[in-house]
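Asker: Sharing start_9.tsv, TSV, C-alpha atoms and all ligand atoms:
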```tsv
chain	number	residue	atom	x	y	z
A	1	MET	CA	10.28	-4.52	1.11
A	2	TYR	CA	12.84	-2.09	-0.19
A	3	SER	CA	12.82	1.08	-2.21
A	4	THR	CA	14.20	1.48	-5.67
A	5	ALA	CA	14.05	3.81	-8.62
A	6	SER	CA	14.58	1.20	-11.32
A	7	ALA	CA	11.83	0.64	-13.83
A	8	TYR	CA	12.56	-1.66	-16.76
A	9	GLN	CA	13.99	-5.03	-15.98
A	10	ILE	CA	14.74	-8.42	-17.45
A	11	TYR	CA	12.71	-11.43	-16.38
A	12	LYS	CA	14.29	-14.06	-14.25
A	13	THR	CA	12.23	-16.13	-11.92
A	14	CYS	CA	9.05	-16.90	-10.06
A	15	VAL	CA	6.22	-16.19	-12.47
A	16	ASN	CA	2.97	-16.06	-10.55
A	17	THR	CA	-0.69	-15.92	-11.37
A	18	SER	CA	-3.59	-13.93	-10.07
A	19	SER	CA	-5.75	-15.98	-7.75
A	20	SER	CA	-8.49	-13.39	-7.83
A	21	SER	CA	-11.23	-15.07	-9.75
A	22	PRO	CA	-12.59	-18.48	-8.90
A	23	LYS	CA	-15.10	-18.02	-11.75
A	24	SER	CA	-12.37	-17.62	-14.30
A	25	THR	CA	-11.15	-20.82	-15.88
A	26	LYS	CA	-7.93	-19.41	-17.25
A	27	LYS	CA	-5.44	-17.81	-14.95
A	28	THR	CA	-3.37	-15.04	-16.37
A	29	LYS	CA	0.20	-14.37	-15.39
A	30	LEU	CA	0.22	-10.93	-13.85
A	31	TRP	CA	3.36	-10.51	-11.80
A	32	THR	CA	6.80	-11.89	-11.28
A	33	VAL	CA	9.39	-11.53	-8.52
A	34	GLN	CA	12.93	-10.83	-9.65
A	35	GLU	CA	16.14	-9.09	-8.70
A	36	VAL	CA	16.04	-5.34	-9.19
A	37	GLU	CA	18.88	-4.15	-11.37
A	38	ASP	CA	20.23	-1.18	-9.51
A	39	PRO	CA	23.70	0.12	-8.63
A	40	VAL	CA	22.77	-0.26	-4.98
A	41	ASP	CA	21.69	-3.72	-3.86
A	42	VAL	CA	17.97	-3.32	-3.22
A	43	GLY	CA	17.10	-6.99	-3.49
A	44	LYS	CA	14.02	-8.24	-5.28
A	45	GLY	CA	10.91	-6.48	-6.53
A	46	VAL	CA	7.63	-7.31	-8.24
A	47	PHE	CA	7.31	-6.69	-11.98
A	48	ALA	CA	4.38	-6.71	-14.40
A	49	HIS	CA	4.31	-9.97	-16.35
A	50	ARG	CA	2.04	-8.34	-18.90
A	51	THR	CA	0.69	-4.83	-19.32
A	52	LEU	CA	-1.69	-4.11	-16.45
A	53	ASN	CA	-4.75	-1.89	-16.73
A	54	PRO	CA	-5.73	0.90	-14.31
A	55	GLY	CA	-7.72	-0.59	-11.42
A	56	GLU	CA	-6.72	-4.14	-12.29
A	57	LEU	CA	-6.39	-6.50	-9.35
A	58	ILE	CA	-2.74	-7.58	-9.36
A	59	MET	CA	-2.64	-9.75	-6.25
A	60	THR	CA	-4.75	-10.92	-3.36
A	61	ALA	CA	-2.86	-12.14	-0.31
A	62	THR	CA	-3.99	-13.74	2.94
A	63	PRO	CA	-1.79	-13.14	5.99
A	64	GLU	CA	0.51	-16.03	6.84
A	65	PHE	CA	0.05	-14.76	10.39
A	66	ALA	CA	-1.08	-11.55	12.09
A	67	LEU	CA	-0.63	-10.25	15.63
A	68	ASP	CA	-2.78	-7.65	17.29
A	69	GLN	CA	-1.69	-4.30	18.67
A	70	HIS	CA	-5.15	-3.62	20.05
A	71	GLU	CA	-5.21	-0.74	22.55
A	72	GLY	CA	-1.47	-0.28	22.25
A	73	ARG	CA	-0.64	-3.89	23.13
A	74	PRO	CA	2.99	-4.48	22.13
A	75	ILE	CA	3.88	-7.24	19.69
A	76	THR	CA	6.58	-9.25	21.43
A	77	SER	CA	9.53	-10.96	19.80
A	78	VAL	CA	8.39	-14.18	21.47
A	79	ALA	CA	4.95	-14.00	19.78
A	80	ILE	CA	6.56	-13.40	16.37
A	81	PHE	CA	9.09	-16.22	16.73
A	82	GLU	CA	6.41	-18.64	17.98
A	83	GLU	CA	4.28	-17.90	14.90
A	84	PHE	CA	7.29	-18.47	12.65
A	85	LEU	CA	7.98	-21.83	14.32
A	86	LYS	CA	4.46	-22.95	13.30
A	87	PHE	CA	5.36	-22.51	9.62
A	88	ASP	CA	5.93	-25.55	7.43
A	89	ARG	CA	9.18	-25.85	5.50
A	90	THR	CA	7.85	-24.07	2.41
A	91	ASN	CA	6.65	-21.01	4.31
A	92	ARG	CA	9.86	-20.88	6.34
A	93	ASP	CA	11.87	-20.77	3.09
A	94	ARG	CA	9.56	-18.10	1.63
A	95	TYR	CA	9.79	-16.01	4.80
A	96	TRP	CA	13.55	-16.45	4.99
A	97	ASP	CA	13.86	-15.12	1.44
A	98	LEU	CA	12.33	-11.76	2.40
A	99	PRO	CA	14.83	-8.87	2.52
A	100	PRO	CA	17.40	-9.61	5.21
A	101	ALA	CA	17.07	-7.32	8.17
A	102	LYS	CA	20.76	-6.46	8.37
A	103	SER	CA	20.11	-2.80	9.02
A	104	SER	CA	17.93	-3.25	12.06
A	105	GLU	CA	19.48	-1.49	15.02
A	106	HIS	CA	17.11	-3.41	17.30
A	107	PHE	CA	18.47	-6.78	16.20
A	108	PRO	CA	20.53	-7.35	19.42
A	109	ASP	CA	17.47	-6.46	21.53
A	110	TYR	CA	15.39	-9.12	19.76
A	111	ILE	CA	18.03	-11.75	20.49
A	112	VAL	CA	18.15	-10.73	24.18
A	113	GLU	CA	14.33	-10.89	24.39
A	114	LEU	CA	14.27	-14.38	22.92
A	115	SER	CA	17.22	-15.75	24.86
A	116	THR	CA	15.78	-14.53	28.20
A	117	ALA	CA	12.18	-15.64	27.54
A	118	CYS	CA	11.07	-18.27	30.07
A	119	ASP	CA	7.96	-20.29	30.80
A	120	GLU	CA	6.19	-20.28	34.21
A	121	ASP	CA	8.74	-22.71	35.64
A	122	GLY	CA	11.65	-20.51	34.63
A	123	LYS	CA	12.69	-22.81	31.78
A	124	ALA	CA	14.03	-21.10	28.64
A	125	LEU	CA	11.42	-20.98	25.86
A	126	PHE	CA	13.91	-21.33	23.04
A	127	PRO	CA	17.26	-23.15	22.84
A	128	LEU	CA	20.05	-20.57	22.95
A	129	GLN	CA	21.40	-21.66	19.56
A	130	ASN	CA	18.04	-20.72	17.94
A	131	THR	CA	17.82	-17.19	19.28
A	132	GLY	CA	20.21	-15.69	16.70
A	133	SER	CA	18.06	-16.82	13.79
A	134	GLY	CA	15.01	-15.92	15.92
A	135	GLY	CA	16.28	-12.34	16.09
A	136	ARG	CA	16.42	-12.29	12.31
A	137	VAL	CA	12.87	-13.65	12.12
A	138	VAL	CA	11.69	-10.78	14.34
A	139	ALA	CA	13.61	-8.16	12.34
A	140	ILE	CA	12.18	-9.49	9.05
A	141	PHE	CA	8.69	-9.24	10.57
A	142	HIS	CA	9.09	-5.60	11.59
A	143	GLU	CA	10.52	-4.61	8.21
A	144	ASN	CA	7.95	-6.47	6.10
A	145	ALA	CA	4.66	-6.61	8.00
A	146	PHE	CA	1.60	-4.63	6.94
A	147	GLU	CA	-0.57	-2.77	9.43
A	148	PHE	CA	-4.31	-3.09	9.01
A	149	GLU	CA	-7.59	-3.06	10.92
A	150	ASP	CA	-9.30	-6.43	11.08
A	151	ALA	CA	-13.02	-7.25	11.12
A	152	LYS	CA	-13.17	-6.41	14.84
A	153	ASP	CA	-11.53	-3.03	14.12
A	154	TRP	CA	-8.42	-4.15	15.97
A	155	THR	CA	-5.10	-2.79	14.75
A	156	MET	CA	-3.11	-5.73	13.45
A	157	LYS	CA	0.35	-6.24	12.02
A	158	GLY	CA	0.55	-9.16	9.63
A	159	ILE	CA	2.95	-10.92	7.30
A	160	PHE	CA	1.75	-11.31	3.71
A	161	ILE	CA	4.84	-12.89	2.20
A	162	ASP	CA	4.00	-12.30	-1.48
A	163	ALA	CA	2.76	-8.75	-0.90
A	164	ALA	CA	5.90	-7.93	1.11
A	165	ARG	CA	7.82	-8.32	-2.15
A	166	PHE	CA	6.48	-5.02	-3.52
A	167	ASN	CA	8.92	-2.16	-3.10
A	168	HIS	CA	8.00	1.33	-1.99
A	169	SER	CA	7.78	4.49	-4.06
A	170	CYS	CA	6.55	7.97	-3.12
A	171	THR	CA	4.91	8.07	-6.58
A	172	PRO	CA	3.50	4.54	-6.60
A	173	ASN	CA	1.85	2.94	-9.61
A	174	ALA	CA	-0.22	0.59	-7.41
A	175	CYS	CA	-1.98	0.66	-4.05
A	176	PHE	CA	-3.09	-1.85	-1.44
A	177	THR	CA	-6.25	-2.27	0.63
A	178	TYR	CA	-7.04	-4.79	3.33
A	179	ILE	CA	-10.54	-6.23	2.90
A	180	LYS	CA	-12.03	-7.07	6.31
A	181	ARG	CA	-14.74	-9.35	4.93
A	182	THR	CA	-12.30	-11.68	3.19
A	183	ASN	CA	-9.21	-11.13	5.40
A	184	LYS	CA	-7.24	-10.38	2.25
A	185	LEU	CA	-4.88	-7.71	1.11
A	186	GLU	CA	-5.61	-6.55	-2.44
A	187	ILE	CA	-3.07	-4.80	-4.61
A	188	ARG	CA	-4.37	-2.87	-7.61
A	189	ALA	CA	-2.80	-0.94	-10.47
A	190	LEU	CA	-3.39	2.82	-10.23
A	191	THR	CA	-2.40	3.43	-13.82
A	192	GLU	CA	-1.44	1.40	-16.86
A	193	ILE	CA	1.72	-0.51	-15.95
A	194	PRO	CA	3.69	-1.64	-19.00
A	195	ILE	CA	5.04	-5.17	-19.17
A	196	ARG	CA	8.38	-5.67	-17.33
A	197	THR	CA	7.88	-2.48	-15.28
A	198	GLU	CA	8.39	-2.66	-11.53
A	199	ILE	CA	5.21	-2.31	-9.47
A	200	PHE	CA	5.45	-0.03	-6.43
A	201	ILE	CA	3.13	0.53	-3.50
A	202	PRO	CA	3.37	3.25	-0.80
A	203	TYR	CA	4.60	2.22	2.66
A	204	ILE	CA	4.21	5.69	4.17
A	205	PRO	CA	1.82	8.69	3.93
A	206	LEU	CA	2.71	10.45	0.67
A	207	LEU	CA	1.72	14.05	1.42
A	208	LYS	CA	4.90	14.70	3.34
A	209	LYS	CA	7.93	16.86	2.70
A	210	PRO	CA	11.13	15.09	1.54
A	211	ALA	CA	12.87	15.15	4.95
A	212	THR	CA	9.92	13.36	6.57
A	213	ARG	CA	9.66	10.88	3.70
A	214	ARG	CA	13.36	10.12	4.02
A	215	GLN	CA	13.11	9.56	7.77
A	216	LEU	CA	9.94	7.44	7.90
A	217	PRO	CA	11.12	4.50	5.75
A	218	MET	CA	14.49	4.59	7.49
A	219	ASP	CA	12.89	4.42	10.94
A	220	GLN	CA	10.24	1.87	10.11
A	221	PHE	CA	11.78	-0.30	7.41
A	222	GLY	CA	15.51	0.43	7.47
A	223	PHE	CA	15.97	1.83	3.95
A	224	GLU	CA	16.31	5.19	2.24
A	225	CYS	CA	13.82	5.85	-0.54
A	226	ARG	CA	15.42	6.58	-3.91
A	227	CYS	CA	12.28	6.97	-6.02
A	228	LYS	CA	12.06	9.77	-8.59
A	229	ALA	CA	10.63	12.14	-5.97
A	230	CYS	CA	13.45	11.38	-3.52
A	231	ASP	CA	16.49	11.07	-5.80
A	232	ARG	CA	18.02	14.48	-5.20
A	233	HIS	CA	20.00	14.41	-8.47
A	234	THR	CA	16.93	14.85	-10.68
A	235	ASN	CA	14.98	17.95	-11.69
A	236	PHE	CA	11.77	16.15	-10.87
A	237	ALA	CA	12.89	15.70	-7.24
A	238	ASN	CA	13.74	19.39	-6.90
A	239	GLU	CA	10.33	20.43	-8.17
A	240	SER	CA	8.69	17.65	-6.22
A	241	ALA	CA	10.24	18.91	-2.96
A	242	TYR	CA	8.41	22.22	-3.36
A	243	ARG	CA	5.13	20.52	-4.27
A	244	ARG	CA	5.20	18.04	-1.37
A	245	ASN	CA	6.07	20.83	1.10
A	246	GLN	CA	2.99	22.66	-0.14
A	247	LEU	CA	0.88	19.49	-0.08
A	248	GLU	CA	1.81	18.71	3.53
A	249	ILE	CA	0.66	22.19	4.63
A	250	MET	CA	-2.44	22.31	2.44
A	251	ASP	CA	-3.61	18.86	3.49
A	252	PHE	CA	-4.20	20.40	6.96
A	253	GLU	CA	-5.60	23.66	5.59
A	254	ARG	CA	-8.21	22.03	3.35
A	255	THR	CA	-10.48	21.32	6.34
A	256	GLU	CA	-10.24	24.82	7.79
A	257	PRO	CA	-13.28	27.01	7.08
A	258	PRO	CA	-14.51	29.13	5.35
A	259	ALA	CA	-15.88	26.94	2.55
A	260	HIS	CA	-14.67	29.10	-0.35
A	261	LYS	CA	-11.12	28.86	1.01
A	262	GLN	CA	-11.49	25.09	1.39
A	263	ARG	CA	-12.58	24.79	-2.26
A	264	LYS	CA	-9.60	26.82	-3.45
A	265	THR	CA	-7.19	24.75	-1.32
A	266	CYS	CA	-8.70	21.51	-2.66
A	267	TRP	CA	-8.22	22.66	-6.25
A	268	ASP	CA	-4.63	23.75	-5.54
A	269	ILE	CA	-3.96	20.31	-4.00
A	270	ILE	CA	-5.41	18.52	-7.02
A	271	GLU	CA	-3.22	20.52	-9.38
A	272	LEU	CA	-0.09	19.70	-7.36
A	273	MET	CA	-1.06	16.02	-7.12
A	274	GLU	CA	-1.48	15.82	-10.87
A	275	GLU	CA	1.97	17.30	-11.36
A	276	GLU	CA	3.33	14.81	-8.81
A	277	GLY	CA	1.61	11.85	-10.45
A	278	LEU	CA	-0.31	10.98	-7.27
A	279	LEU	CA	-3.29	8.93	-8.38
A	280	GLY	CA	-4.49	7.04	-5.30
A	281	TRP	CA	-7.05	7.64	-2.60
A	282	GLU	CA	-5.16	10.66	-1.20
A	283	LYS	CA	-6.47	12.37	-4.37
A	284	GLY	CA	-9.88	10.68	-4.14
A	285	ALA	CA	-10.33	12.13	-0.64
A	286	VAL	CA	-9.89	15.67	-1.97
A	287	HIS	CA	-12.49	15.12	-4.72
A	288	GLU	CA	-14.78	13.65	-2.04
A	289	GLN	CA	-14.42	16.82	-0.01
A	290	LEU	CA	-15.05	19.01	-3.08
A	291	ALA	CA	-18.22	17.03	-3.88
A	292	LYS	CA	-19.50	17.72	-0.36
A	293	LEU	CA	-18.58	21.42	-0.55
A	294	TYR	CA	-20.39	21.90	-3.89
A	295	GLU	CA	-23.44	19.99	-2.62
A	296	GLU	CA	-23.63	22.29	0.41
A	297	GLN	CA	-23.52	25.21	-1.98
A	298	ASP	CA	-26.31	23.67	-4.15
A	299	ASP	CA	-23.94	23.77	-7.11
A	300	ASN	CA	-25.22	20.46	-8.49
A	301	GLU	CA	-23.31	20.57	-11.75
A	302	SER	CA	-19.93	20.96	-10.04
A	303	ALA	CA	-20.94	18.45	-7.36
A	304	LEU	CA	-21.77	15.85	-10.03
A	305	GLU	CA	-18.36	16.29	-11.63
A	306	GLN	CA	-16.68	15.69	-8.25
A	307	ILE	CA	-18.94	12.75	-7.38
A	308	ARG	CA	-17.97	11.11	-10.69
A	309	GLU	CA	-14.28	11.62	-10.00
A	310	THR	CA	-14.58	10.35	-6.42
A	311	ALA	CA	-16.46	7.26	-7.64
A	312	ARG	CA	-13.83	6.64	-10.32
A	313	ILE	CA	-10.90	6.82	-7.88
A	314	ALA	CA	-12.74	4.72	-5.26
A	315	ARG	CA	-13.29	2.01	-7.90
A	316	LEU	CA	-9.68	2.30	-9.05
A	317	CYS	CA	-8.23	1.96	-5.55
A	318	PHE	CA	-10.67	-0.42	-3.85
A	319	GLY	CA	-12.25	-2.34	-6.72
A	320	PRO	CA	-15.85	-2.20	-7.99
A	321	ARG	CA	-17.15	-4.66	-5.39
A	322	HIS	CA	-15.84	-2.81	-2.37
A	323	ALA	CA	-18.64	-1.36	-0.19
A	324	PHE	CA	-17.14	2.13	-0.27
A	325	ALA	CA	-16.74	2.09	-4.07
A	326	ARG	CA	-20.32	0.80	-4.45
A	327	LYS	CA	-21.59	3.59	-2.20
A	328	TRP	CA	-19.98	6.18	-4.47
A	329	GLU	CA	-21.26	4.44	-7.63
A	330	GLU	CA	-24.77	4.68	-6.23
A	331	LYS	CA	-24.22	8.32	-5.33
A	332	ARG	CA	-23.04	8.95	-8.90
A	333	ARG	CA	-26.08	7.24	-10.44
A	334	ASN	CA	-28.47	9.17	-8.18
A	335	ALA	CA	-26.77	12.48	-8.95
A	336	GLU	CA	-26.97	11.73	-12.69
A	337	LEU	CA	-30.66	10.86	-12.41
A	338	ARG	CA	-31.32	14.11	-10.58
A	339	ALA	CA	-29.45	15.97	-13.30
A	340	GLY	CA	-31.67	14.35	-15.92
A	341	ILE	CA	-28.85	12.26	-17.34
A	342	LYS	CA	-29.87	8.74	-18.27
A	343	GLY	CA	-28.44	7.23	-15.14
A	344	GLY	CA	-27.90	3.68	-14.04
A	345	ALA	CA	-25.08	2.95	-16.43
A	346	ALA	CA	-22.18	1.14	-14.82
A	347	GLY	CA	-18.92	3.01	-14.60
A	348	ASP	CA	-16.36	2.49	-17.29
A	349	GLY	CA	-13.68	-0.12	-16.77
A	350	GLU	CA	-15.93	-2.41	-14.71
A	351	GLU	CA	-13.93	-5.53	-14.12
A	352	MET	CA	-15.00	-9.10	-13.62
A	353	GLU	CA	-13.74	-10.40	-10.36
A	354	ALA	CA	-14.66	-12.14	-7.18
A	355	ASP	CA	-13.00	-11.81	-3.83
B	401	ZN	ZN	10.56	8.32	-2.39
```
For the file at hand, write its structure as structure tokens.
Ligand SMILES: [Zn+2]

Answerer:
Amino acid sequence: MYSTASAYQIYKTCVNTSSSSPKSTKKTKLWTVQEVEDPVDVGKGVFAHRTLNPGELIMTATPEFALDQHEGRPITSVAIFEEFLKFDRTNRDRYWDLPPAKSSEHFPDYIVELSTACDEDGKALFPLQNTGSGGRVVAIFHENAFEFEDAKDWTMKGIFIDAARFNHSCTPNACFTYIKRTNKLEIRALTEIPIRTEIFIPYIPLLKKPATRRQLPMDQFGFECRCKACDRHTNFANESAYRRNQLEIMDFERTEPPAHKQRKTCWDIIELMEEEGLLGWEKGAVHEQLAKLYEEQDDNESALEQIRETARIARLCFGPRHAFARKWEEKRRNAELRAGIKGGAAGDGEEMEAD
């Protein structure tokens, strides 16, 4: 997991296939892991192996292991290292190939934790010579793990080795969702992604001013984002700084009454997001709010427009089979029926998939 601004790359290694559809007999190559060509060493990234369509499922990943942080329970270095030690040789090699955690300032602490860990009889849990590499295992975990809520609604932190290969961007062209029912992370294209283009997901909340966006990845993942919104040498970044400052403020203001002010704020946010190229659920949530506001006002025509847009973005981000996306599809069909439009038609871009 690292950030980069590079886009077009040359193929090298590790062509992979989507494992999304057991019904499908032919598996299509969708993504490939390769070195990012960048003046600064950012390691590897994931690239489109063919042109990907908006909403297309790029990858599903099951956690190699996950540890719970339920009710603030800390994840200990011992728990992480013990999980790693259960790996077979293949998974150890795959894990070891994740970005090295050189930058972690906590690295010495992890080693101390592991070297002083004892069982009930006071016997060391790990041989001293293993605790150095153990510290690296722990650092890799903290820099690459995804946070999610599992089927019990417990906050978990898990390693999805393939998914950890995606780099971060503040204007991502893909998004990820954890599906509780299947215990899988799904990564979907938010827009058309041309062949050989790097695929980016967001690691941090995107409606933040540049200073916050610079600090968050550094604190959590040990890198500085250099995406087009963060690279201070570009015009886009200068304009983006203004827009994200506004977005951070307006994201709070959009829930403050009165309703007419909320509607105006929502529209201002949408305009800024379109200029920023933000296409994911952060935008869907604003359309969702607008749909509700117009419904409360009995403005059915405007509400329908917003319901359609919310349903489209929900399908794009979460997939057509996701319960939330299906709920909005149903809402769209009902609203169209009420409006006298021949309803019941499936949304455009319906994809064939199983999860
Ligand atoms: Zn950035």

Asker: Using CA of Val137 in chain A and CA of Phe47 in chain A as the two end points, give the distance in Å to one decimal.

Answerer: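 Distance between the two atoms: 25.7 Å.
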
Asker: Find the residues of chain A that sit at most 10 Å from ligand ZN 401 (chain B); for each, write down the nearest two atoms and how far apart they are in Å, to one decimal. Count only C-alpha atoms and all ligand atoms. Sort by chain, then by number going up, and give it as JSON lines.

Answerer:
```
{"residue": "A:Ser3", "atom": "CA", "partner": "B:ZN401", "partner_atom": "ZN", "distance": 7.6}
{"residue": "A:Thr4", "atom": "CA", "partner": "B:ZN401", "partner_atom": "ZN", "distance": 8.4}
{"residue": "A:Ala5", "atom": "CA", "partner": "B:ZN401", "partner_atom": "ZN", "distance": 8.4}
{"residue": "A:His168", "atom": "CA", "partner": "B:ZN401", "partner_atom": "ZN", "distance": 7.5}
{"residue": "A:Ser169", "atom": "CA", "partner": "B:ZN401", "partner_atom": "ZN", "distance": 5.0}
{"residue": "A:Cys170", "atom": "CA", "partner": "B:ZN401", "partner_atom": "ZN", "distance": 4.1}
{"residue": "A:Thr171", "atom": "CA", "partner": "B:ZN401", "partner_atom": "ZN", "distance": 7.0}
{"residue": "A:Pro172", "atom": "CA", "partner": "B:ZN401", "partner_atom": "ZN", "distance": 9.0}
{"residue": "A:Pro202", "atom": "CA", "partner": "B:ZN401", "partner_atom": "ZN", "distance": 8.9}
{"residue": "A:Tyr203", "atom": "CA", "partner": "B:ZN401", "partner_atom": "ZN", "distance": 9.9}
{"residue": "A:Ile204", "atom": "CA", "partner": "B:ZN401", "partner_atom": "ZN", "distance": 9.5}
{"residue": "A:Leu206", "atom": "CA", "partner": "B:ZN401", "partner_atom": "ZN", "distance": 8.7}
{"residue": "A:Pro210", "atom": "CA", "partner": "B:ZN401", "partner_atom": "ZN", "distance": 7.8}
{"residue": "A:Arg213", "atom": "CA", "partner": "B:ZN401", "partner_atom": "ZN", "distance": 6.7}
{"residue": "A:Arg214", "atom": "CA", "partner": "B:ZN401", "partner_atom": "ZN", "distance": 7.2}
{"residue": "A:Pro217", "atom": "CA", "partner": "B:ZN401", "partner_atom": "ZN", "distance": 9.0}
{"residue": "A:Glu224", "atom": "CA", "partner": "B:ZN401", "partner_atom": "ZN", "distance": 8.0}
{"residue": "A:Cys225", "atom": "CA", "partner": "B:ZN401", "partner_atom": "ZN", "distance": 4.5}
{"residue": "A:Arg226", "atom": "CA", "partner": "B:ZN401", "partner_atom": "ZN", "distance": 5.4}
{"residue": "A:Cys227", "atom": "CA", "partner": "B:ZN401", "partner_atom": "ZN", "distance": 4.2}
{"residue": "A:Lys228", "atom": "CA", "partner": "B:ZN401", "partner_atom": "ZN", "distance": 6.5}
{"residue": "A:Ala229", "atom": "CA", "partner": "B:ZN401", "partner_atom": "ZN", "distance": 5.2}
{"residue": "A:Cys230", "atom": "CA", "partner": "B:ZN401", "partner_atom": "ZN", "distance": 4.4}
{"residue": "A:Asp231", "atom": "CA", "partner": "B:ZN401", "partner_atom": "ZN", "distance": 7.4}
{"residue": "A:Ala237", "atom": "CA", "partner": "B:ZN401", "partner_atom": "ZN", "distance": 9.1}
```

Asker: Pick from A:Trp281, A:Phe148, A:Phe87, A:Tyr294: nearest to Ile179 in chain A, with all atoms listed in the file counted?

Answerer: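 Going through A:Trp281, A:Phe148, A:Phe87, A:Tyr294 one by one, the smallest distance to Ile179 in chain A is for A:Phe148.
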
Asker: Give me the residues near Leu278 in chain A as a PyMOL selection string, where near means some atom within 12 Å (using all atoms listed in the file) and where sequence neighbours in that chain fewer than 4 positions away do not count.

Answerer: chain A and resi 169-175+190-191+201-202+205-207+229+240+243-244+247+269-274+282-284+286+313

Asker: May I ask for the distance between CA of Asp97 in chain A and CA of His70 in chain A, given in Å to one decimal place?

Answerer: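 The value is 29.0 Å.
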
Asker: Counting all atoms listed in the file, figure out which residue out of A:Phe166, A:Phe84, A:Phe221, A:Trp31 gets nearest to Ile58 in chain A.

Answerer: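 Among the listed residues, the smallest separation from Ile58 in chain A belongs to A:Trp31.
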
Asker: List as a PyMOL selection string the protein and nucleic acid residues near range 305-310 of chain A, meaning an atom at most 7 Å away when all atoms listed in the file are counted, but skip any in the same chain fewer than 3 places from it.

Answerer: chain A and resi 284+287-288+290-291+301-302+313-314+332

Asker: Counting all atoms listed in the file, which residue out of A:Asn235, A:Glu64, A:Glu37, A:Gln289 sits closest to Arg254 in chain A?

Answerer: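 Nearest to Arg254 in chain A: A:Gln289.
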
Asker: Would you list the contacts of Leu85 in chain A as a CSV table (one decimal) with C-alpha atoms, keeping the file's coordinate frame, taking every protein, DNA or RNA residue within 12 Å and counting only C-alpha atoms, but skipping same-chain residues closer than 4 positions in sequence?

Answerer:
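So selection39.csv came out as:
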```
chain,number,residue,atom,x,y,z
A,65,PHE,CA,0.0,-14.8,10.4
A,78,VAL,CA,8.4,-14.2,21.5
A,79,ALA,CA,5.0,-14.0,19.8
A,80,ILE,CA,6.6,-13.4,16.4
A,81,PHE,CA,9.1,-16.2,16.7
A,89,ARG,CA,9.2,-25.8,5.5
A,91,ASN,CA,6.6,-21.0,4.3
A,92,ARG,CA,9.9,-20.9,6.3
A,93,ASP,CA,11.9,-20.8,3.1
A,95,TYR,CA,9.8,-16.0,4.8
A,126,PHE,CA,13.9,-21.3,23.0
A,130,ASN,CA,18.0,-20.7,17.9
A,131,THR,CA,17.8,-17.2,19.3
A,133,SER,CA,18.1,-16.8,13.8
A,134,GLY,CA,15.0,-15.9,15.9
A,137,VAL,CA,12.9,-13.6,12.1
A,138,VAL,CA,11.7,-10.8,14.3
```

Asker: Can you tell me how far CA of Leu52 in chain A sits from CA of Cys317 in chain A, in Å to one decimal?

Answerer: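 That distance, rounded to one decimal, is 14.1 Å.
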